[in-house]
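> The structure under discussion is supplied below as structure tokens; questions concerning it will follow.
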Amino acid sequence: MCATTLIHDTSHITYESLLDGNRQFVEETLKEDPHYFETLANGQKPPVLWIGCADSRVPANQITNTNPGEIFVHRNIANMVIHTDMSMLSVLDYAVNVLQVKHVIVVGHYGCGGVLASMSNKQFGLIDNWLRNIKDIYRMHAEELDKITDEKAKGDRLVELNVIENASNLCKTSIVQNAWQNGQELKVHGWVYDVGTGIITDMKVSTHNNSKMDEVFRFSPLNPVKGRV
């Protein structure tokens, strides 16, 4: 007898149902707090930047029990921090230098499709160029990963290593290092979310400076060019 794999039913979601849902959301919210949207429209001051996966099962606010205005969010395939990604860097720059967030968290999740795809030799299309970055992480940790015979366990470990390496990449950006040099209160963290249990695991890579970073990645203070107006 074969077990039936249950997948969350989305058949009731339509274009119209999204608009209906918005109206219901506004109505219920205003009943609870008549000034909710008026207050929210005054501006934002979130203390956290969340760099997560685009996966629809990992919504930042819901799984941390926070409200709109409390987490600034950037999402992409497999929660990557790539130094040529201007979208991610622009979000990071705004979060750190304008919003003055106190925490930046790279959040991965077990069963991540991007991570699992990077473990194969199959071509998927344009995304292969993006997944190359995860393949490099596999290469860096191949000695450990190749010893894991269970494919699920191997995938889970690569998810963890992907978070750890991308948190490290975050620390190597000039944006984060300049904030530290300027004495800004800023911490970098790495988490992994378990879709099957709802639990977040802290990867214990939190840092608030570049003291443990390899010397080659540490930026010296930016000196102004003489004669510049």
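Lettering and numbering for the structure tokens are positional, with chains as A, B, ... in the shown order, residues counted from 1 in each chain, and ligands counted from 1 in the shown order.
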Write out as a PyMOL selection string each polymer residue whose atoms come within 10 Å of range 139-154 of chain A, counting only C-alpha atoms; drop sequence neighbours fewer than 6 positions from it.
chain A and resi 110-111+116+119+133+160-161+165
> Going by DSSP on the backbone, which bits of range 37-197 of chain A are strand (DSSP E)? Write them as a PyMOL selection string, please.
chain A and resi 48-53+71-76+103-109+187-193
> Skipping near chain neighbours, those fewer than 5 positions away, what residues fall within 12 Å of His12 in chain A using only C-alpha atoms, listed as an NGL selection string?
:A and (17-18 or 21)
> Suppose we keep C-alpha atoms; can you now write the selection as a tab-separated table (two decimals), in the first residue's frame?

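Wrote it out as out_21.tsv, contents follow:
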```tsv
chain	number	residue	atom	x	y	z
A	17	SER	CA	-9.68	35.79	-4.59
A	18	LEU	CA	-6.48	37.75	-3.95
A	21	GLY	CA	-8.65	38.62	0.45
```
> Using only C-alpha atoms, which of A:Thr39, A:Gln123, A:Asn65, A:Thr201 sits nearest Gly108 in chain A?
A:Thr201
> Enter the distance from CA of Trp180 in chain A to CA of Gln100 in chain A, in Å, rounded to one decimal.
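One can read the CA of Trp180 in chain A to CA of Gln100 in chain A distance as 11.9 Å.
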> Determine, counting only C-alpha atoms, which protein, DNA and RNA residues have an atom within 7 Å of an atom of range 54-62 of chain A; residues of the same chain fewer than 6 positions away are not included. Present the result as a PyMOL selection string.
chain A and resi 75-77
> Write the residues of the preceding selection, restricted to N, CA and C atoms, as a short mmCIF file (atom, residue, chain, number, x, y, z; two decimals), in the first residue's frame.

```cif
data_model
loop_
_atom_site.label_atom_id
_atom_site.label_comp_id
_atom_site.auth_asym_id
_atom_site.auth_seq_id
_atom_site.Cartn_x
_atom_site.Cartn_y
_atom_site.Cartn_z
N ARG A 75 14.48 38.51 -1.03
CA ARG A 75 14.40 37.08 -1.29
C ARG A 75 14.89 36.77 -2.70
N ASN A 76 15.57 35.64 -2.84
CA ASN A 76 15.98 35.16 -4.15
C ASN A 76 16.06 33.63 -4.09
N ILE A 77 16.44 33.01 -5.20
CA ILE A 77 16.55 31.56 -5.21
C ILE A 77 17.69 31.12 -4.31
#
```
> Using the chain letters and numbers from this document, which residues of chain A does DSSP assign to alpha helix (DSSP H), as a VMD selection string?
chain A and resid 15 to 32 36 to 40 60 to 64 86 to 93 113 to 118 127 to 140 142 to 145 151 to 171 174 to 181
> Skip Gly183 in chain A itself and residues of its chain fewer than 6 positions away, then list as a VMD selection string all residues within 12 Å of it, counting only C-alpha atoms.
chain A and resid 100 102 176 to 177 208 to 209 221
> Closest to His83 in chain A among A:Phe217, A:Glu70, A:Asn178, A:Asn169, using only C-alpha atoms?
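With only C-alpha atoms as the atom set, the closest residue is A:Asn169.
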> Could you please determine the separation between CA of Thr207 in chain A and CA of Leu222 in chain A in Å, to one decimal place?
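Interatomic distance here is 21.6 Å.
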> Measuring atom to atom with only C-alpha atoms, identify which of A:Val107, A:Val96, A:Ile134, A:Val101 is nearest to Thr64 in chain A.
A:Val107
> Would you mind listing what lies within 12 Å of Arg132 in chain A as a list in words, with only C-alpha atoms counted and same-chain residues fewer than 5 positions away left out?
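Surrounding residues, per the criterion: Ala78, Met80, Ile82, Gly114, Val115, Ala117, Ser118, Met119, Ser120, Asn121, Gln123, Phe124, Gly125, Leu126, Ile127, Ile137, Tyr138 and Arg139 of chain A.
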> Write to file, as an mmCIF file, in the first residue's frame, the residues of the selection just made, with C-alpha atoms.

```cif
data_model
loop_
_atom_site.group_PDB
_atom_site.id
_atom_site.type_symbol
_atom_site.label_atom_id
_atom_site.label_comp_id
_atom_site.auth_asym_id
_atom_site.auth_seq_id
_atom_site.Cartn_x
_atom_site.Cartn_y
_atom_site.Cartn_z
ATOM 1 C CA ALA A 78 18.333 29.740 -2.355
ATOM 2 C CA MET A 80 22.213 33.779 -1.930
ATOM 3 C CA ILE A 82 26.480 37.195 -4.401
ATOM 4 C CA GLY A 114 17.717 25.487 -5.584
ATOM 5 C CA VAL A 115 20.165 23.727 -3.289
ATOM 6 C CA ALA A 117 19.133 21.200 -8.004
ATOM 7 C CA SER A 118 22.743 22.300 -7.562
ATOM 8 C CA MET A 119 23.641 18.805 -6.365
ATOM 9 C CA SER A 120 22.796 17.261 -9.742
ATOM 10 C CA ASN A 121 24.368 17.404 -13.193
ATOM 11 C CA GLN A 123 20.598 21.387 -16.820
ATOM 12 C CA PHE A 124 17.657 23.544 -15.768
ATOM 13 C CA GLY A 125 18.187 26.612 -17.966
ATOM 14 C CA LEU A 126 19.196 30.154 -17.104
ATOM 15 C CA ILE A 127 19.153 29.346 -13.396
ATOM 16 C CA ILE A 137 30.037 25.716 -1.970
ATOM 17 C CA TYR A 138 29.655 21.980 -2.547
ATOM 18 C CA ARG A 139 33.187 21.904 -3.990
#
```
> Counting only C-alpha atoms, what is within 12 Å of Leu170 in chain A, bar same-chain residues fewer than 2 positions away, as a VMD selection string?
chain A and resid 49 to 51 79 to 83 85 88 to 89 92 to 93 96 103 to 106 163 to 168 172 to 177 186 to 190 205 to 210 213 217
> From the set A:Cys112, A:Ala179, A:Val192, A:Ile199, which residue has the shortest atom-to-atom contact distance to Phe219 in chain A, counting only C-alpha atoms?
A:Ala179
> Work out how far apart CA of Cys171 in chain A and CA of Asp156 in chain A are and give it in Å to one decimal.
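Taking CA of Cys171 in chain A as the start and CA of Asp156 in chain A as the end point, the length is 23.3 Å.
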